[in-house]
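Asker: Structure file model_0.txt (compact mmCIF, C-alpha atoms) is given on the next line.
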```txt
# COMPACT_ATOMS: atom_id res chain seq x y z
CA MET U 1 0.00 0.00 0.00
CA ILE U 2 1.44 3.29 -1.14
CA TYR U 3 0.24 5.36 1.83
CA LEU U 4 1.81 3.09 4.42
CA ARG U 5 5.02 2.90 2.39
CA LEU U 6 5.18 6.69 2.09
CA PHE U 7 4.57 7.07 5.80
CA LEU U 8 7.18 4.50 6.82
CA ASN U 9 9.86 5.73 4.43
CA PHE U 10 9.52 9.35 5.46
CA LEU U 11 9.45 8.23 9.08
CA LYS U 12 12.84 6.67 8.39
CA ILE U 13 14.07 9.84 6.70
CA GLY U 14 12.82 11.97 9.57
CA LEU U 15 14.48 9.73 12.10
CA PHE U 16 17.91 9.47 10.53
CA THR U 17 18.76 12.83 9.05
CA ILE U 18 20.75 15.08 11.30
CA GLY U 19 21.62 18.60 10.22
CA GLY U 20 18.51 19.16 8.12
CA GLY U 21 18.32 20.59 4.61
CA TYR U 22 20.85 19.32 2.09
CA ALA U 23 22.13 16.63 4.45
CA MET U 24 18.82 14.92 3.75
CA ILE U 25 19.39 14.67 -0.02
CA PRO U 26 21.33 11.36 -0.08
CA LEU U 27 18.76 9.53 2.03
CA ILE U 28 15.81 11.07 0.19
CA SER U 29 17.27 10.30 -3.23
CA GLU U 30 18.19 6.77 -2.17
CA THR U 31 14.60 6.13 -1.08
CA CYS U 32 12.83 7.89 -3.94
CA LEU U 33 15.03 6.47 -6.71
CA ASP U 34 14.84 2.93 -5.33
CA TYR U 35 11.04 3.01 -5.29
CA GLY U 36 10.86 4.84 -8.60
CA TRP U 37 8.93 7.71 -7.00
CA LEU U 38 11.09 10.31 -8.70
CA THR U 39 13.64 10.39 -11.49
CA GLU U 40 17.00 11.98 -10.76
CA GLU U 41 16.03 14.84 -13.06
CA GLN U 42 12.81 15.49 -11.14
CA LEU U 43 14.74 15.43 -7.87
CA ILE U 44 17.23 18.06 -9.00
CA ASN U 45 14.48 20.24 -10.44
CA PHE U 46 12.67 19.95 -7.17
CA ILE U 47 15.68 21.07 -5.14
CA ALA U 48 15.50 24.34 -7.07
CA ILE U 49 11.74 24.62 -6.54
CA SER U 50 12.13 23.97 -2.85
CA GLU U 51 14.83 26.62 -2.62
CA SER U 52 12.45 29.12 -4.25
CA THR U 53 9.46 28.37 -2.03
CA PRO U 54 9.12 28.95 1.71
CA GLY U 55 9.39 26.22 4.30
CA PRO U 56 11.85 23.50 5.26
CA PHE U 57 13.33 21.47 2.40
CA ALA U 58 12.32 18.16 3.97
CA VAL U 59 8.67 19.20 4.32
CA ASN U 60 8.63 20.48 0.75
CA ILE U 61 10.03 17.31 -0.75
CA ALA U 62 7.85 15.05 1.40
CA THR U 63 4.78 16.94 0.19
CA PHE U 64 5.95 16.80 -3.41
CA VAL U 65 6.80 13.09 -3.44
CA GLY U 66 3.64 12.24 -1.51
CA ASN U 67 1.45 14.23 -3.86
CA THR U 68 2.97 12.91 -7.09
CA THR U 69 2.74 9.27 -5.95
CA GLY U 70 -0.42 9.23 -3.84
CA GLY U 71 -2.31 12.51 -4.20
CA ILE U 72 -3.18 14.73 -1.24
CA LEU U 73 -3.58 11.78 1.11
CA GLY U 74 -0.15 10.55 0.07
CA ALA U 75 1.30 13.98 0.80
CA LEU U 76 -0.32 13.96 4.23
CA CYS U 77 1.08 10.51 5.02
CA ALA U 78 4.59 11.47 3.92
CA VAL U 79 4.62 14.74 5.88
CA PHE U 80 3.15 13.07 8.95
CA GLY U 81 5.84 10.40 8.80
CA LEU U 82 8.54 13.03 8.52
CA PHE U 83 7.07 15.10 11.32
CA LEU U 84 6.44 12.35 13.88
CA PRO U 85 9.97 11.30 14.93
CA SER U 86 11.35 14.79 15.34
CA PHE U 87 8.27 15.92 17.26
CA VAL U 88 8.45 12.99 19.65
CA ILE U 89 12.22 13.27 20.10
CA ILE U 90 12.14 17.00 20.78
CA PHE U 91 9.25 16.69 23.18
CA VAL U 92 10.89 13.86 25.11
CA ILE U 93 14.13 15.79 25.31
CA TYR U 94 12.25 18.84 26.51
CA LYS U 95 10.39 16.90 29.19
CA LEU U 96 12.87 14.32 30.40
CA ALA U 97 16.39 14.79 29.21
CA LYS U 98 17.32 18.42 29.02
CA ARG U 99 20.90 17.51 29.82
CA PHE U 100 20.98 14.77 27.19
CA PHE U 101 23.36 16.66 24.92
CA GLU U 102 25.82 17.35 27.69
CA LYS U 103 26.45 13.62 28.25
CA GLN U 104 29.94 12.53 27.22
CA PRO U 105 28.99 9.68 24.84
CA VAL U 106 26.51 11.93 23.04
CA GLN U 107 29.13 14.61 22.54
CA ASP U 108 31.61 11.98 21.37
CA ALA U 109 29.11 10.69 18.83
CA PHE U 110 28.69 14.19 17.48
CA THR U 111 32.41 14.69 16.94
CA ALA U 112 32.05 11.98 14.28
CA LEU U 113 28.54 12.87 13.10
CA LYS U 114 29.43 16.42 12.13
CA PRO U 115 32.08 15.46 9.55
CA THR U 116 29.74 12.72 8.34
CA VAL U 117 27.02 15.26 7.64
CA VAL U 118 29.49 17.29 5.58
CA ALA U 119 30.43 14.13 3.68
CA LEU U 120 26.77 13.38 2.97
CA ILE U 121 26.18 16.85 1.58
CA ALA U 122 29.36 16.52 -0.48
CA SER U 123 28.12 13.22 -1.86
CA ALA U 124 24.82 14.89 -2.75
CA PHE U 125 26.86 17.51 -4.60
CA VAL U 126 28.77 14.86 -6.57
CA THR U 127 25.69 12.89 -7.60
CA VAL U 128 23.67 15.98 -8.52
CA THR U 129 26.58 17.44 -10.49
CA TYR U 130 27.19 14.14 -12.25
CA ALA U 131 23.55 13.96 -13.30
CA THR U 132 23.71 17.56 -14.50
CA LEU U 133 26.93 17.33 -16.47
CA PHE U 134 26.46 13.96 -18.15
CA ILE U 135 23.13 14.02 -19.88
CA ALA U 136 21.90 10.79 -21.39
CA ASP U 137 19.99 11.32 -24.62
CA GLY U 138 17.38 8.91 -25.85
CA SER U 139 19.79 6.71 -27.84
CA GLY U 140 21.75 5.73 -24.72
CA ALA U 141 24.81 7.85 -25.48
CA THR U 142 25.79 10.50 -22.94
CA SER U 143 26.89 13.97 -23.85
CA PHE U 144 28.89 16.37 -21.73
CA ASN U 145 26.99 19.48 -20.68
CA TRP U 146 29.55 22.30 -21.11
CA PHE U 147 26.94 24.94 -20.48
CA GLY U 148 26.15 23.36 -17.09
CA LEU U 149 29.80 23.37 -16.06
CA VAL U 150 30.41 26.99 -17.05
CA TRP U 151 27.16 28.37 -15.64
CA GLY U 152 27.49 26.30 -12.44
CA ALA U 153 30.98 27.71 -11.89
CA ILE U 154 29.73 31.25 -12.48
CA CYS U 155 26.89 30.71 -9.98
CA PHE U 156 29.25 29.37 -7.34
CA LEU U 157 31.68 32.26 -7.74
CA ALA U 158 28.79 34.73 -7.64
CA MET U 159 27.61 33.23 -4.36
CA ARG U 160 31.04 33.32 -2.81
CA PHE U 161 31.83 36.89 -3.80
CA ILE U 162 28.46 38.63 -3.64
CA LYS U 163 27.43 38.19 -0.03
CA LYS U 164 23.92 39.58 -0.29
CA LEU U 165 22.93 37.48 -3.30
CA HIS U 166 19.80 35.53 -2.44
CA PRO U 167 19.54 32.00 -3.90
CA ILE U 168 16.10 32.77 -5.33
CA ILE U 169 17.51 35.59 -7.44
CA LEU U 170 20.24 33.31 -8.73
CA ILE U 171 17.68 30.62 -9.59
CA ILE U 172 15.53 33.10 -11.50
CA ILE U 173 18.57 34.40 -13.41
CA SER U 174 19.57 30.80 -14.16
CA ALA U 175 16.13 30.05 -15.58
CA GLY U 176 16.47 33.07 -17.88
CA VAL U 177 19.99 32.08 -18.92
CA GLY U 178 18.81 28.52 -19.61
CA ILE U 179 16.01 29.71 -21.89
CA LEU U 180 18.35 32.16 -23.65
CA PHE U 181 21.11 29.61 -24.18
CA TYR U 182 19.09 26.57 -25.20
CA GLY U 183 16.32 28.44 -26.99
CA PHE U 184 18.19 31.11 -28.87
CA ILE U 185 21.91 30.43 -28.98
CA LEU U 186 22.09 26.68 -29.35
CA MET T 1 21.25 57.25 38.13
CA LYS T 2 19.74 54.00 39.34
CA ASP T 3 18.31 53.38 35.91
CA ASP T 4 21.73 53.75 34.37
CA GLU T 5 23.15 51.20 36.73
CA THR T 6 20.60 48.53 35.87
CA LYS T 7 21.12 49.27 32.22
CA ASN T 8 24.84 48.68 32.51
CA GLU T 9 24.31 45.46 34.34
CA VAL T 10 21.96 44.19 31.71
CA THR T 11 24.35 45.16 28.93
CA SER T 12 27.15 43.13 30.41
CA GLU T 13 24.81 40.22 30.92
CA THR T 14 23.60 40.15 27.37
CA GLU T 15 27.17 40.36 26.11
CA ASP T 16 28.05 37.33 28.17
CA ILE T 17 25.26 35.37 26.58
CA GLY T 18 26.76 36.14 23.22
CA VAL T 19 24.21 38.34 21.48
CA LYS T 20 25.50 40.08 18.38
CA THR T 21 27.30 43.16 19.58
CA GLU T 22 25.59 45.42 17.05
CA GLU T 23 22.23 44.79 18.60
CA THR T 24 23.33 44.93 22.21
CA PRO T 25 22.45 48.52 23.07
CA GLN T 26 18.99 48.21 21.60
CA ASN T 27 18.48 44.85 23.25
CA ALA T 28 19.66 46.05 26.60
CA GLU T 29 17.21 48.92 26.53
CA ALA T 30 14.33 46.67 25.65
CA VAL T 31 15.27 44.16 28.30
CA SER T 32 15.75 46.71 31.03
CA ASP T 33 12.38 48.23 30.25
CA ALA T 34 10.74 44.88 30.57
CA LEU T 35 12.67 43.68 33.59
CA PRO T 36 10.62 45.01 36.50
CA THR T 37 7.26 43.74 35.23
CA GLU T 38 7.90 40.72 33.01
CA LYS T 39 10.58 38.66 34.69
CA PRO T 40 9.11 38.03 38.13
CA GLU T 41 5.69 37.41 36.64
CA LYS T 42 7.05 34.81 34.23
CA GLU T 43 8.84 32.97 36.97
CA ALA T 44 5.93 33.11 39.39
CA THR T 45 3.32 31.54 37.09
CA PRO T 46 4.48 28.71 34.87
CA PHE T 47 2.40 27.90 31.83
CA LYS T 48 0.47 25.05 33.46
CA LYS T 49 -1.02 27.28 36.14
CA LEU T 50 -2.22 30.01 33.84
CA PRO T 51 -6.00 30.42 33.50
CA ILE T 52 -7.45 28.76 30.41
CA LYS T 53 -8.19 32.08 28.77
CA GLU T 54 -4.55 33.10 28.79
CA LYS T 55 -3.50 29.66 27.62
CA LEU T 56 -5.78 29.95 24.61
CA LEU T 57 -4.37 33.36 23.86
CA ILE T 58 -0.80 32.04 23.96
CA TRP T 59 -1.72 29.11 21.71
CA LEU T 60 -3.34 31.46 19.22
CA LYS T 61 -0.29 33.73 19.24
CA LEU T 62 2.05 30.75 18.77
CA THR T 63 0.04 29.46 15.84
CA LEU T 64 -0.05 32.82 14.10
CA LEU T 65 3.64 33.46 14.66
CA PHE T 66 4.74 30.09 13.28
CA LEU T 67 2.35 30.33 10.34
CA LYS T 68 4.10 33.57 9.50
CA ILE T 69 7.53 32.05 9.97
CA GLY T 70 6.60 29.02 7.88
CA ALA T 71 5.26 31.20 5.10
CA PHE T 72 8.14 33.64 4.91
CA THR T 73 11.36 31.75 5.44
CA PHE T 74 13.08 30.72 2.28
CA GLY T 75 16.12 28.49 2.43
CA GLY T 76 15.14 26.43 5.45
CA GLY T 77 16.42 26.09 8.99
CA TYR T 78 19.31 28.47 9.30
CA ALA T 79 17.45 31.32 7.63
CA MET T 80 14.62 30.77 10.07
CA ILE T 81 16.72 30.98 13.20
CA SER T 82 17.46 34.70 12.92
CA LEU T 83 13.77 35.43 12.34
CA LEU T 84 12.82 33.31 15.35
CA GLU T 85 15.29 35.13 17.53
CA LYS T 86 13.93 38.51 16.47
CA GLU T 87 10.29 37.55 17.06
CA ILE T 88 10.57 35.48 20.22
CA VAL T 89 13.47 36.99 22.12
CA ASP T 90 13.49 40.64 21.06
CA LYS T 91 9.87 41.35 20.26
CA ARG T 92 7.74 39.04 22.41
CA LYS T 93 10.25 38.24 25.15
CA TRP T 94 8.88 34.74 25.55
CA LEU T 95 12.38 33.34 25.97
CA SER T 96 15.81 34.69 26.85
CA SER T 97 18.49 34.56 24.19
CA ASP T 98 20.31 32.00 26.33
CA GLU T 99 17.30 29.68 26.13
CA MET T 100 17.13 30.36 22.41
CA LEU T 101 20.75 29.27 21.93
CA GLU T 102 19.99 26.04 23.78
CA ILE T 103 16.99 25.42 21.52
CA ILE T 104 19.02 25.97 18.37
CA ALA T 105 21.74 23.59 19.57
CA VAL T 106 19.18 20.87 20.30
CA ALA T 107 17.33 21.48 17.02
CA GLU T 108 20.55 21.06 15.06
CA ALA T 109 21.63 17.96 16.93
CA THR T 110 18.34 16.05 16.76
CA PRO T 111 17.14 14.35 13.58
CA GLY T 112 14.66 16.05 11.29
CA ALA T 113 14.26 19.49 9.77
CA ILE T 114 15.86 22.21 11.89
CA ALA T 115 12.97 24.60 11.38
CA LEU T 116 10.46 22.02 12.55
CA ASN T 117 12.57 20.99 15.53
CA SER T 118 13.01 24.51 16.82
CA ALA T 119 9.30 25.22 16.35
CA THR T 120 8.43 22.16 18.44
CA PHE T 121 10.88 23.14 21.15
CA VAL T 122 9.80 26.78 21.33
CA GLY T 123 6.15 25.69 21.31
CA ALA T 124 6.78 23.25 24.18
CA LYS T 125 8.56 25.88 26.25
CA VAL T 126 5.99 28.60 25.69
CA GLY T 127 2.77 26.58 25.56
CA GLY T 128 3.25 22.97 26.68
CA PHE T 129 2.30 19.95 24.57
CA VAL T 130 -0.51 21.69 22.70
CA GLY T 131 1.80 24.63 22.06
CA ALA T 132 4.45 22.31 20.59
CA LEU T 133 1.90 20.65 18.35
CA LEU T 134 0.39 23.93 17.17
CA ALA T 135 3.76 25.56 16.53
CA SER T 136 5.15 22.69 14.47
CA VAL T 137 1.99 22.11 12.45
CA ALA T 138 1.78 25.86 11.79
CA THR T 139 5.39 25.82 10.56
CA LEU T 140 4.83 23.12 7.98
CA LEU T 141 1.32 24.10 6.89
CA PRO T 142 2.22 26.95 4.49
CA ALA T 143 4.94 24.86 2.81
CA PHE T 144 2.54 21.94 2.51
CA VAL T 145 -0.16 23.98 0.82
CA ILE T 146 2.21 25.83 -1.50
CA ILE T 147 3.96 22.66 -2.67
CA LEU T 148 0.63 20.89 -3.21
CA ILE T 149 -0.37 23.68 -5.58
CA ILE T 150 3.01 23.83 -7.30
CA SER T 151 3.30 20.09 -7.87
CA THR T 152 -0.12 20.06 -9.51
CA VAL T 153 0.76 23.00 -11.71
CA LEU T 154 4.23 21.65 -12.48
CA ASP T 155 2.78 18.45 -13.89
CA LYS T 156 0.96 20.47 -16.53
CA PHE T 157 3.95 22.60 -17.47
CA SER T 158 6.79 20.10 -17.34
CA GLU T 159 6.38 19.26 -21.04
CA ASN T 160 6.58 22.92 -22.05
CA GLN T 161 9.78 23.59 -24.01
CA TYR T 162 10.56 26.88 -22.24
CA VAL T 163 10.13 25.28 -18.83
CA LYS T 164 12.53 22.50 -19.88
CA TRP T 165 15.13 25.06 -20.98
CA ALA T 166 14.68 27.05 -17.79
CA PHE T 167 15.28 23.96 -15.68
CA LEU T 168 18.42 23.12 -17.64
CA GLY T 169 19.78 26.48 -16.54
CA ILE T 170 18.49 26.10 -13.00
CA ARG T 171 20.10 22.70 -12.55
CA ALA T 172 23.57 24.14 -12.96
CA CYS T 173 22.66 26.66 -10.28
CA VAL T 174 21.48 23.88 -7.94
CA CYS T 175 24.92 22.26 -8.14
CA ALA T 176 26.44 25.58 -7.11
CA LEU T 177 23.96 25.94 -4.23
CA ILE T 178 24.85 22.53 -2.83
CA LEU T 179 28.57 23.16 -3.26
CA ASN T 180 28.10 26.39 -1.33
CA ALA T 181 26.44 24.43 1.49
CA VAL T 182 29.34 21.95 1.52
CA TRP T 183 31.75 24.87 1.74
CA LYS T 184 29.91 26.46 4.68
CA PHE T 185 29.57 23.21 6.65
CA PHE T 186 33.16 22.23 5.92
CA LYS T 187 34.41 25.46 7.43
CA ALA T 188 32.33 24.83 10.58
CA VAL T 189 33.85 21.39 11.21
CA LYS T 190 36.77 21.15 13.61
CA LYS T 191 40.06 21.03 11.73
CA SER T 192 41.71 17.78 12.73
CA VAL T 193 42.98 14.55 11.19
CA TYR T 194 40.16 12.77 13.01
CA SER T 195 37.47 14.86 11.25
CA TYR T 196 39.16 14.60 7.84
CA VAL T 197 39.52 10.82 8.03
CA ILE T 198 35.86 10.38 9.00
CA MET T 199 34.81 12.76 6.25
CA ALA T 200 36.86 10.90 3.64
CA VAL T 201 35.59 7.47 4.67
CA ALA T 202 31.95 8.62 4.87
CA LEU T 203 32.18 10.38 1.50
CA THR T 204 33.74 7.32 -0.16
CA LEU T 205 31.06 5.01 1.25
CA ALA T 206 28.23 7.40 0.37
CA LEU T 207 29.49 7.77 -3.21
CA LEU T 208 30.07 4.05 -3.72
CA SER T 209 26.53 3.50 -2.52
CA ALA T 210 25.10 6.33 -4.65
CA PHE T 211 26.67 4.95 -7.84
CA ASP T 212 25.53 1.42 -6.94
CA VAL T 213 29.04 0.03 -6.60
CA ILE T 214 28.22 -1.33 -3.17
CA ASN T 215 24.85 -1.92 -1.61
CA LEU T 216 24.87 0.16 1.56
CA ASP T 217 22.20 2.17 3.33
CA ILE T 218 22.97 5.80 4.14
CA ILE T 219 21.51 5.07 7.57
CA PHE T 220 24.30 2.57 8.16
CA ILE T 221 26.90 5.27 7.51
CA ILE T 222 25.24 7.60 10.02
CA LEU T 223 24.94 4.92 12.71
CA ALA T 224 28.49 3.70 12.14
CA ALA T 225 29.82 7.24 12.50
CA ALA T 226 28.01 7.71 15.82
CA VAL T 227 29.29 4.39 17.19
CA PHE T 228 32.82 5.11 15.98
CA GLY T 229 32.77 8.54 17.65
CA ILE T 230 31.72 7.06 20.99
CA VAL T 231 34.13 4.10 20.94
CA TYR T 232 37.14 5.99 19.61
CA ASN T 233 36.85 8.86 22.07
CA TYR T 234 36.23 6.48 24.97
CA PHE T 235 39.44 4.57 24.32
CA MET T 236 41.43 7.70 23.52
CA ARG T 237 40.43 9.16 26.86
CA LYS T 238 41.36 5.94 28.63
CA HIS T 239 44.66 5.82 26.79
CA LEU T 240 45.47 9.43 27.68
CA ALA T 241 44.57 8.87 31.33
CA LYS T 242 46.87 5.83 31.44
CA LYS T 243 49.71 7.72 29.79
CA LYS T 244 49.28 10.59 32.22
CA SER T 245 49.24 8.37 35.29
CA SER T 246 52.28 6.37 34.15
CA GLY T 247 54.07 9.67 33.43
CA ASP T 248 53.28 10.82 36.96
CA GLY T 249 54.58 7.50 38.31
CA LYS T 250 57.99 7.98 36.70
CA LYS T 251 58.42 11.36 38.27
```
Will you turn the file into structure tokens for me?
Answerer:
Amino acid sequence: MIYLRLFLNFLKIGLFTIGGGYAMIPLISETCLDYGWLTEEQLINFIAISESTPGPFAVNIATFVGNTTGGILGALCAVFGLFLPSFVIIFVIYKLAKRFFEKQPVQDAFTALKPTVVALIASAFVTVTYATLFIADGSGATSFNWFGLVWGAICFLAMRFIKKLHPIILIIISAGVGILFYGFIL
Amino acid sequence: MKDDETKNEVTSETEDIGVKTEETPQNAEAVSDALPTEKPEKEATPFKKLPIKEKLLIWLKLTLLFLKIGAFTFGGGYAMISLLEKEIVDKRKWLSSDEMLEIIAVAEATPGAIALNSATFVGAKVGGFVGALLASVATLLPAFVIILIISTVLDKFSENQYVKWAFLGIRACVCALILNAVWKFFKAVKKSVYSYVIMAVALTLALLSAFDVINLDIIFIILAAAVFGIVYNYFMRKHLAKKKSSGDGKK
């Protein structure tokens, strides 16, 4: 049953992703690609959509995946699954274990978890970039996306050197550049 | 004269807590104004003992505030934190900035979306269980509704040639966005061989799994890292203690 599967898988995602946001991409893509809920292309497009709409990334993608696979009820199941573990954990910590994070083993665990979260985001970067740069056309051959490499590099430099640049503005500009390049230059 | 004294005291206190120095004078003024009336009252009547009418009012305020936060924060957790601090510490004075720091630390360290976690925690502190429930549901509600609409609309437009071209451009930008996140997080990690080795191993495993070279759950990587952190540090501490005691023995 799709609803139960959505609920359980997003429960798993909600339970095991520390650091929020992009750290969730590897687990989400693993789940969604394995079940065939999303294609890699859809996932990358959705990262941009999520960045341009309000709300936490995890909630956005749970809603999106739930809705595309099981309609509104599917979206509700996915979001509820995502929401449940963090709600319970936070509430228990608030009530019972306020000093939980000061315990030595917990702090020790986090000395290793922090670099792991960085590694997970880095792996999301590699897979997303790979899917962007090597585009498979219908015949099975892959072509290298030079435009993606050049524009991606420009975007990254822009973000590093223009401090006030909001991601949404960059995404809108990128949409325009994409239409210009593929529609009128190529 | 007396007023000045209290003001100075408060300023030094807020600096200790670690509020941004730019905002300190403003903050201090606001806090010192509120001090005589708000603080004792808050400590005298905890949320549970408030009359039902005031409870309802607090729940309503929580819901409205987190609806607003959910609807207007782009870019997720970290963007939300500064808004939360402004609304809850500076404007409403529901929590001190010390309490807020604690909430952020817990929200980051627990699984799940940071925005949702901090909403739950703030809700619990300000309005008990119902407050926690209302605050977190209010945080995700705007996103839920907006994405429902967008995903329906997107289905209709995804075959449009212009939309396809636009997304080809956007995808390159998404790579840059994620790389930027890697950069930021990398700089926040403690610089040590220990961190770098863990990062390298975790990245290798995650990539091998992502490209289907090995069959490994991401969850396994996370759990293994936590266990490794606990075991390694436990034995390192033991080892250091032994070394120290044997060193003392020689002397």
Asker: Rounded to one decimal place, report the atom CA of T:Gly127-atom CA of T:Leu95 distance in Å.
Answerer: 11.8 Å
Asker: Atom CA of T:Phe220 to atom CA of T:Leu140: how many Å, to one decimal?
Answerer: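 One can read the atom CA of T:Phe220 to atom CA of T:Leu140 distance as 28.3 Å.
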Asker: Within 10 Å of stretch 57-65 of chain T, counting all atoms listed in the file, which residues qualify if same-chain residues fewer than 3 places away don't, as a ChimeraX atom specification?
Answerer: /T:47,52-54,68-71,84,87-88,119,122-123,126-128,130-139
Asker: In Å, how far is it from atom CA of U:Leu76 to atom CA of U:Ala62?
Answerer: 8.7 Å
Asker: Which residues come within 8 Å of stretch 45-58 of chain U, counting all atoms listed in the file, excluding same-chain residues fewer than 6 positions away, as a ChimeraX atom specification?
Answerer: /U:20-22,24,82,167-168,171 /T:70-77,112-116,139-140,142-143,146-147,167,170-171,174
Asker: If we draw a sphere of 10 Å around (11.7, 27.8, -22.1), which residues have at least one atom in it when counting all atoms listed in the file? Please report them as a list in words.
Answerer: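 Residues with an atom at most 10 Å from (11.7, 27.8, -22.1): Ala175, Gly176, Val177, Gly178, Ile179, Leu180, Phe181, Tyr182, Gly183 and Phe184 of chain U; Asn160, Gln161, Tyr162, Val163, Lys164, Trp165, Ala166, Phe167, Leu168 and Gly169 of chain T.
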Asker: Residues within 6 Å of (20.9, 17.0, -14.7), file coordinates, counting only C-alpha atoms: what are they? Give the list as JSON, numbers by chain.
Answerer: {"U": [41, 131, 132]}
Asker: From the set T:Phe144, T:Asp98, T:Glu159, T:Glu85, which residue has the shortest atom-to-atom contact distance to U:Val79, counting all atoms listed in the file?
Answerer: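 Residue with the minimum atom-to-atom distance to U:Val79: T:Phe144.
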Asker: Fix up stretch 107-113 of chain U with all heavy atoms, then write it as a tab-separated table (two decimals), in the frame of the given file.
Answerer:
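Result saved to selection34.tsv:
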```
chain	number	residue	atom	x	y	z
U	107	GLN	N	28.20	13.63	23.14
U	107	GLN	CA	29.13	14.61	22.54
U	107	GLN	C	30.18	13.91	21.68
U	107	GLN	O	30.55	14.40	20.62
U	107	GLN	CB	29.80	15.42	23.64
U	107	GLN	CG	28.81	16.32	24.35
U	107	GLN	CD	29.47	17.52	24.96
U	107	GLN	OE1	30.66	17.52	25.24
U	107	GLN	NE2	28.71	18.57	25.16
U	108	ASP	N	30.64	12.75	22.15
U	108	ASP	CA	31.61	11.98	21.37
U	108	ASP	C	31.01	11.57	20.03
U	108	ASP	O	31.67	11.67	18.99
U	108	ASP	CB	32.04	10.72	22.14
U	108	ASP	CG	32.95	11.07	23.31
U	108	ASP	OD1	33.41	12.22	23.36
U	108	ASP	OD2	33.18	10.20	24.16
U	109	ALA	N	29.77	11.09	20.07
U	109	ALA	CA	29.11	10.69	18.83
U	109	ALA	C	29.06	11.85	17.85
U	109	ALA	O	29.30	11.69	16.66
U	109	ALA	CB	27.70	10.18	19.12
U	110	PHE	N	28.82	13.05	18.38
U	110	PHE	CA	28.69	14.19	17.48
U	110	PHE	C	30.01	14.64	16.88
U	110	PHE	O	30.03	15.23	15.80
U	110	PHE	CB	27.98	15.35	18.18
U	110	PHE	CG	26.51	15.24	18.03
U	110	PHE	CD1	25.73	14.74	19.06
U	110	PHE	CD2	25.89	15.58	16.85
U	110	PHE	CE1	24.38	14.58	18.92
U	110	PHE	CE2	24.54	15.43	16.70
U	110	PHE	CZ	23.77	14.93	17.73
U	111	THR	N	31.13	14.34	17.56
U	111	THR	CA	32.41	14.69	16.94
U	111	THR	C	32.58	13.92	15.63
U	111	THR	O	33.23	14.40	14.71
U	111	THR	CB	33.61	14.34	17.85
U	111	THR	OG1	33.60	12.94	18.10
U	111	THR	CG2	33.56	15.11	19.15
U	112	ALA	N	31.97	12.75	15.53
U	112	ALA	CA	32.05	11.98	14.28
U	112	ALA	C	30.88	12.28	13.35
U	112	ALA	O	31.01	12.21	12.14
U	112	ALA	CB	32.11	10.49	14.59
U	113	LEU	N	29.72	12.62	13.93
U	113	LEU	CA	28.54	12.87	13.10
U	113	LEU	C	28.66	14.15	12.29
U	113	LEU	O	28.21	14.22	11.15
U	113	LEU	CB	27.28	12.92	13.96
U	113	LEU	CG	26.73	11.56	14.38
U	113	LEU	CD1	25.58	11.73	15.37
U	113	LEU	CD2	26.25	10.79	13.16
```
